[in-house]
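These notes concern the structure reproduced below.
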Amino acid sequence: GAAAKEGAVGATPGGAAAATGAAAETKSGGGGFPWGLVFVLGFVGAIGGYFYRGKQNQKRLKTMQNGILDTAALSSEEVEEIRESNSLSTGHFELCRQRAQQHFSSGTAQPAEFFAFLGKLVRPDGEQRLGASHLLERLAGRLAEQAPVFDLKVLLTSATMLVESSVEDRVKLLYKLHGDGKAPADVAEPHMTHEQALAAVQALAQTHQLPIRCLTRELSEYPFNLYLPSQANFLVTRAMEEVCKKRKKAKTLQGGEEDLVKLLKEELAYTDKVDAARRKAAAKGEDAEPSVAAIEPIEPLPKEAMFSLEDFEQLLYSKAICAWGECHAREGK
């Protein structure tokens with residue numbers, strides 16, 4: 001009995017030690033849930049997902065841009081070739097513009113017919129053709145695939161590629177062509193409405209005088225972003241934001257720019273909602289009109305002239321539009 005008692009007493013320290021070791025093991029988490037491993041795996045997965053999403057977005061952007069380039073009649077290098085192969089003066093262009101508007105009194109023309117008429121005005125003897133005429137013929141053919149007739153101002157915008165002049169004079173030609181037709185003596189006096197500015201930018205896009213970067217728009221969505229062709233209202237809104245920020249930084253605001261940017265952003269937000277409703281309905285095979293009608297309308301933009309020559313010039317030179325690559329040529333100026 002004493003021996004058993006002694007054995008029991010002797011076993012007590014060992015049992016206590018084992019219990020203490022088990023408790024320590026439990027406390028250290030050795031037998032608990034591996035939260036640390038879960039955290040590490042989650043972190044690695046998140047990083048992998050981030051890079052995978054970025055790679056997929058880049059592929060989608062590239063696919064969109066390649067699609068636009070595949071349907072484009074001219075590359076940026078070919079636009080430059082047309083410009084270098086012709087030497088139409090600004091005065092001669094103005095004469096061609098007046099004659100074309102008289103000849104095509106409806107305000108529209110077939111691309112091939114327009115370029116043939118333009119060729120006769122520029123080379124009346126008929127012995128010489130327009131420089132890089134094969135590229136102009138290709139442009140006319142590609143435009144004809146998009147629509148049988150075009151607004152004459154769009155076709156005349158393409159004809160500005162034939163003019164040998166400074167970039168500033170080229171901008172003035174476009175401003176007069178798409179604005180109210182007056183040659184502005186005061187660069188700060190508005191002669192162009194919002195609708196006219198949109199038409200001018202859209203015409204430059206249609207005639208391949210904007211870089212591919214500006215012709216694609218990214219909409220942030222999950223799991224992958226949506227890439228769409230840029231519309232003129234998006235380009236003008238972003239360009240005016242850029243112009244306003246630069247003027248604000250340089251303390252050269254002329255008054256009204258910030259209000260104009262606010263109006264443009266409101267209109268863009270509204271058109272984005274309408275476009276999204278139409279895309280969603282189309283994906284479901286439903287009628288979009290009920291969804292569009294449910295979107296709260298906004299006040300239409302003023303119809304009076306809002307853009308001066310200086311405004312228009314800075315819009316075209318912005319990174320958002322970058323007509324003829326001028327945003328790079330003027331970087332830092």
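The way I read the labels, and the way they are meant: chains A, B, ... in the order of the structure tokens, residue 1 as the first residue of every chain, and ligand 1 as the first ligand shown, with later ones counted on from there.
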Need the shell around segment 304-312 of chain A: protein/DNA/RNA residues with any atom at most 8 Å away, counting only C-alpha atoms. Skip same-chain ones fewer than 3 positions apart. Format as a PDB file with C-alpha atoms, in the first residue's frame?
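Writing the result to selection-v2.pdb gives the following:
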ATOM      1  CA  VAL A 171      -6.431  75.027 -86.290  1.00  0.00           C
ATOM      2  CA  LYS A 172      -7.830  78.317 -87.586  1.00  0.00           C
ATOM      3  CA  TYR A 175     -12.267  76.598 -86.328  1.00  0.00           C
ATOM      4  CA  PRO A 184     -11.983  85.587 -85.474  1.00  0.00           C
ATOM      5  CA  VAL A 187      -8.876  84.731 -80.190  1.00  0.00           C
ATOM      6  CA  ALA A 188     -10.755  84.991 -76.874  1.00  0.00           C
ATOM      7  CA  GLU A 189     -14.137  85.763 -78.478  1.00  0.00           C
ATOM      8  CA  PRO A 190     -16.333  82.626 -78.723  1.00  0.00           C
ATOM      9  CA  HIS A 191     -17.411  81.611 -82.237  1.00  0.00           C
ATOM     10  CA  MET A 192     -17.997  77.880 -81.660  1.00  0.00           C
ATOM     11  CA  THR A 193     -20.801  76.044 -79.855  1.00  0.00           C
ATOM     12  CA  HIS A 194     -20.451  72.808 -77.942  1.00  0.00           C
ATOM     13  CA  ALA A 197     -16.696  71.513 -81.172  1.00  0.00           C
ATOM     14  CA  LEU A 315      -8.476  71.460 -76.707  1.00  0.00           C
ATOM     15  CA  LEU A 316      -6.761  70.064 -79.802  1.00  0.00           C
TER      16      LEU A 316
END
Would you give me, as CSV, each residue of segment 171-269 of chain A having an atom within 10 Å of an atom of segment 151-164 of chain A, along with its shortest atom pair and that distance in Å to one decimal, using only C-alpha atoms and sorting by chain and residue number?
residue,atom,partner,partner_atom,distance
A:Val171,CA,A:Thr160,CA,9.5
A:Leu173,CA,A:Thr160,CA,7.8
A:Leu174,CA,A:Thr157,CA,7.0
A:Leu177,CA,A:Lys153,CA,7.0
A:His178,CA,A:Lys153,CA,7.0
A:Ala199,CA,A:Val154,CA,8.3
A:Ala200,CA,A:Val154,CA,7.9
A:Val201,CA,A:Thr157,CA,9.9
A:Gln202,CA,A:Val154,CA,8.4
A:Ala203,CA,A:Val154,CA,5.0
A:Leu204,CA,A:Thr157,CA,6.8
A:Ala205,CA,A:Val154,CA,9.7
A:Gln206,CA,A:Val154,CA,7.7
A:Thr207,CA,A:Ser158,CA,5.6
A:His208,CA,A:Ser158,CA,8.5
A:Gln209,CA,A:Ser158,CA,8.4
Can you write just those residues out, N, CA and C atoms, as a CSV table (one decimal), in the first residue's frame?
chain,number,residue,atom,x,y,z
A,171,VAL,N,-5.4,74.9,-87.3
A,171,VAL,CA,-6.4,75.0,-86.3
A,171,VAL,C,-7.4,76.1,-86.7
A,173,LEU,N,-8.2,77.1,-89.7
A,173,LEU,CA,-9.1,76.6,-90.8
A,173,LEU,C,-10.2,75.7,-90.2
A,174,LEU,N,-9.9,74.9,-89.3
A,174,LEU,CA,-10.9,74.0,-88.7
A,174,LEU,C,-11.9,74.8,-87.9
A,177,LEU,N,-14.1,76.5,-90.3
A,177,LEU,CA,-14.9,75.5,-91.0
A,177,LEU,C,-16.1,74.9,-90.1
A,178,HIS,N,-15.8,74.6,-88.9
A,178,HIS,CA,-16.8,74.0,-88.0
A,178,HIS,C,-17.5,75.0,-87.1
A,199,ALA,N,-18.5,68.2,-83.3
A,199,ALA,CA,-18.4,67.8,-84.7
A,199,ALA,C,-17.0,67.9,-85.3
A,200,ALA,N,-16.2,68.9,-84.8
A,200,ALA,CA,-14.9,69.1,-85.3
A,200,ALA,C,-14.0,68.0,-84.8
A,201,VAL,N,-14.1,67.6,-83.5
A,201,VAL,CA,-13.3,66.5,-83.0
A,201,VAL,C,-13.7,65.2,-83.6
A,202,GLN,N,-15.0,65.0,-83.8
A,202,GLN,CA,-15.4,63.7,-84.4
A,202,GLN,C,-14.9,63.6,-85.8
A,203,ALA,N,-14.9,64.7,-86.6
A,203,ALA,CA,-14.4,64.7,-87.9
A,203,ALA,C,-12.9,64.4,-88.0
A,204,LEU,N,-12.1,64.9,-87.0
A,204,LEU,CA,-10.7,64.6,-86.9
A,204,LEU,C,-10.5,63.1,-86.7
A,205,ALA,N,-11.4,62.5,-85.8
A,205,ALA,CA,-11.3,61.1,-85.5
A,205,ALA,C,-11.6,60.2,-86.7
A,206,GLN,N,-12.7,60.7,-87.4
A,206,GLN,CA,-13.1,59.9,-88.6
A,206,GLN,C,-12.1,59.9,-89.7
A,207,THR,N,-11.3,61.0,-89.8
A,207,THR,CA,-10.3,61.1,-90.9
A,207,THR,C,-8.9,60.8,-90.4
A,208,HIS,N,-8.8,60.1,-89.3
A,208,HIS,CA,-7.6,59.5,-88.8
A,208,HIS,C,-6.5,60.5,-88.4
A,209,GLN,N,-6.9,61.6,-87.8
A,209,GLN,CA,-6.0,62.6,-87.5
A,209,GLN,C,-5.8,62.7,-85.9
> Which distance in Å separates atom CA of Ala73 of chain A and atom CA of Leu135 of chain A, to one decimal?
Replying inline: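 Atom-to-atom, atom CA of Ala73 of chain A and atom CA of Leu135 of chain A are spaced 8.1 Å apart.
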> What are the DSSP strand (DSSP E or B) residues of segment 25-272 of chain A, as a PyMOL selection string?
Replying inline: chain A and resi 88+108-109+150-151+163+192+216-219+226-229
>> Between atom CA of Ala269 of chain A and atom CA of Ser220 of chain A, what distance in Å does the model show, to one decimal?
In response: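 The value is 14.0 Å.
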Which residues of segment 109-143 of chain A have any atom within 10 Å of an atom in segment 89-93 of chain A when counting only C-alpha atoms, and what is the closest pair of atoms for each, with the distance in Å to one decimal? Order the rows by chain and rising number and write it as CSV.
residue,atom,partner,partner_atom,distance
A:Leu118,CA,A:Phe93,CA,9.8
A:Leu121,CA,A:His92,CA,9.1
A:Val122,CA,A:His92,CA,8.1
>> With DSSP run on the backbone, what are the alpha helix (DSSP H) residues within segment 235-300 of chain A? I'd like them as a PyMOL selection string.
In response: chain A and resi 235-250+257-284+289-293
> So how far away is atom CA of Asp70 of chain A from atom CA of Phe51 of chain A, in Å?
Replying inline: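 Computing the Euclidean distance for atom CA of Phe51 of chain A and atom CA of Asp70 of chain A yields 28.3 Å.
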For segment 294-331 of chain A versus segment 224-241 of chain A, which residues have an atom no more than 7 Å away, and what is each residue's nearest atom pair and distance in Å rounded to one decimal, using only C-alpha atoms, chain-then-number order, as a Markdown table?
| residue | atom | partner | partner_atom | distance |
| --- | --- | --- | --- | --- |
| A:Leu315 | CA | A:Ala239 | CA | 5.4 |
| A:Ser318 | CA | A:Ala239 | CA | 5.7 |
| A:Ala320 | CA | A:Ala239 | CA | 5.1 |
| A:Ile321 | CA | A:Leu235 | CA | 6.1 |
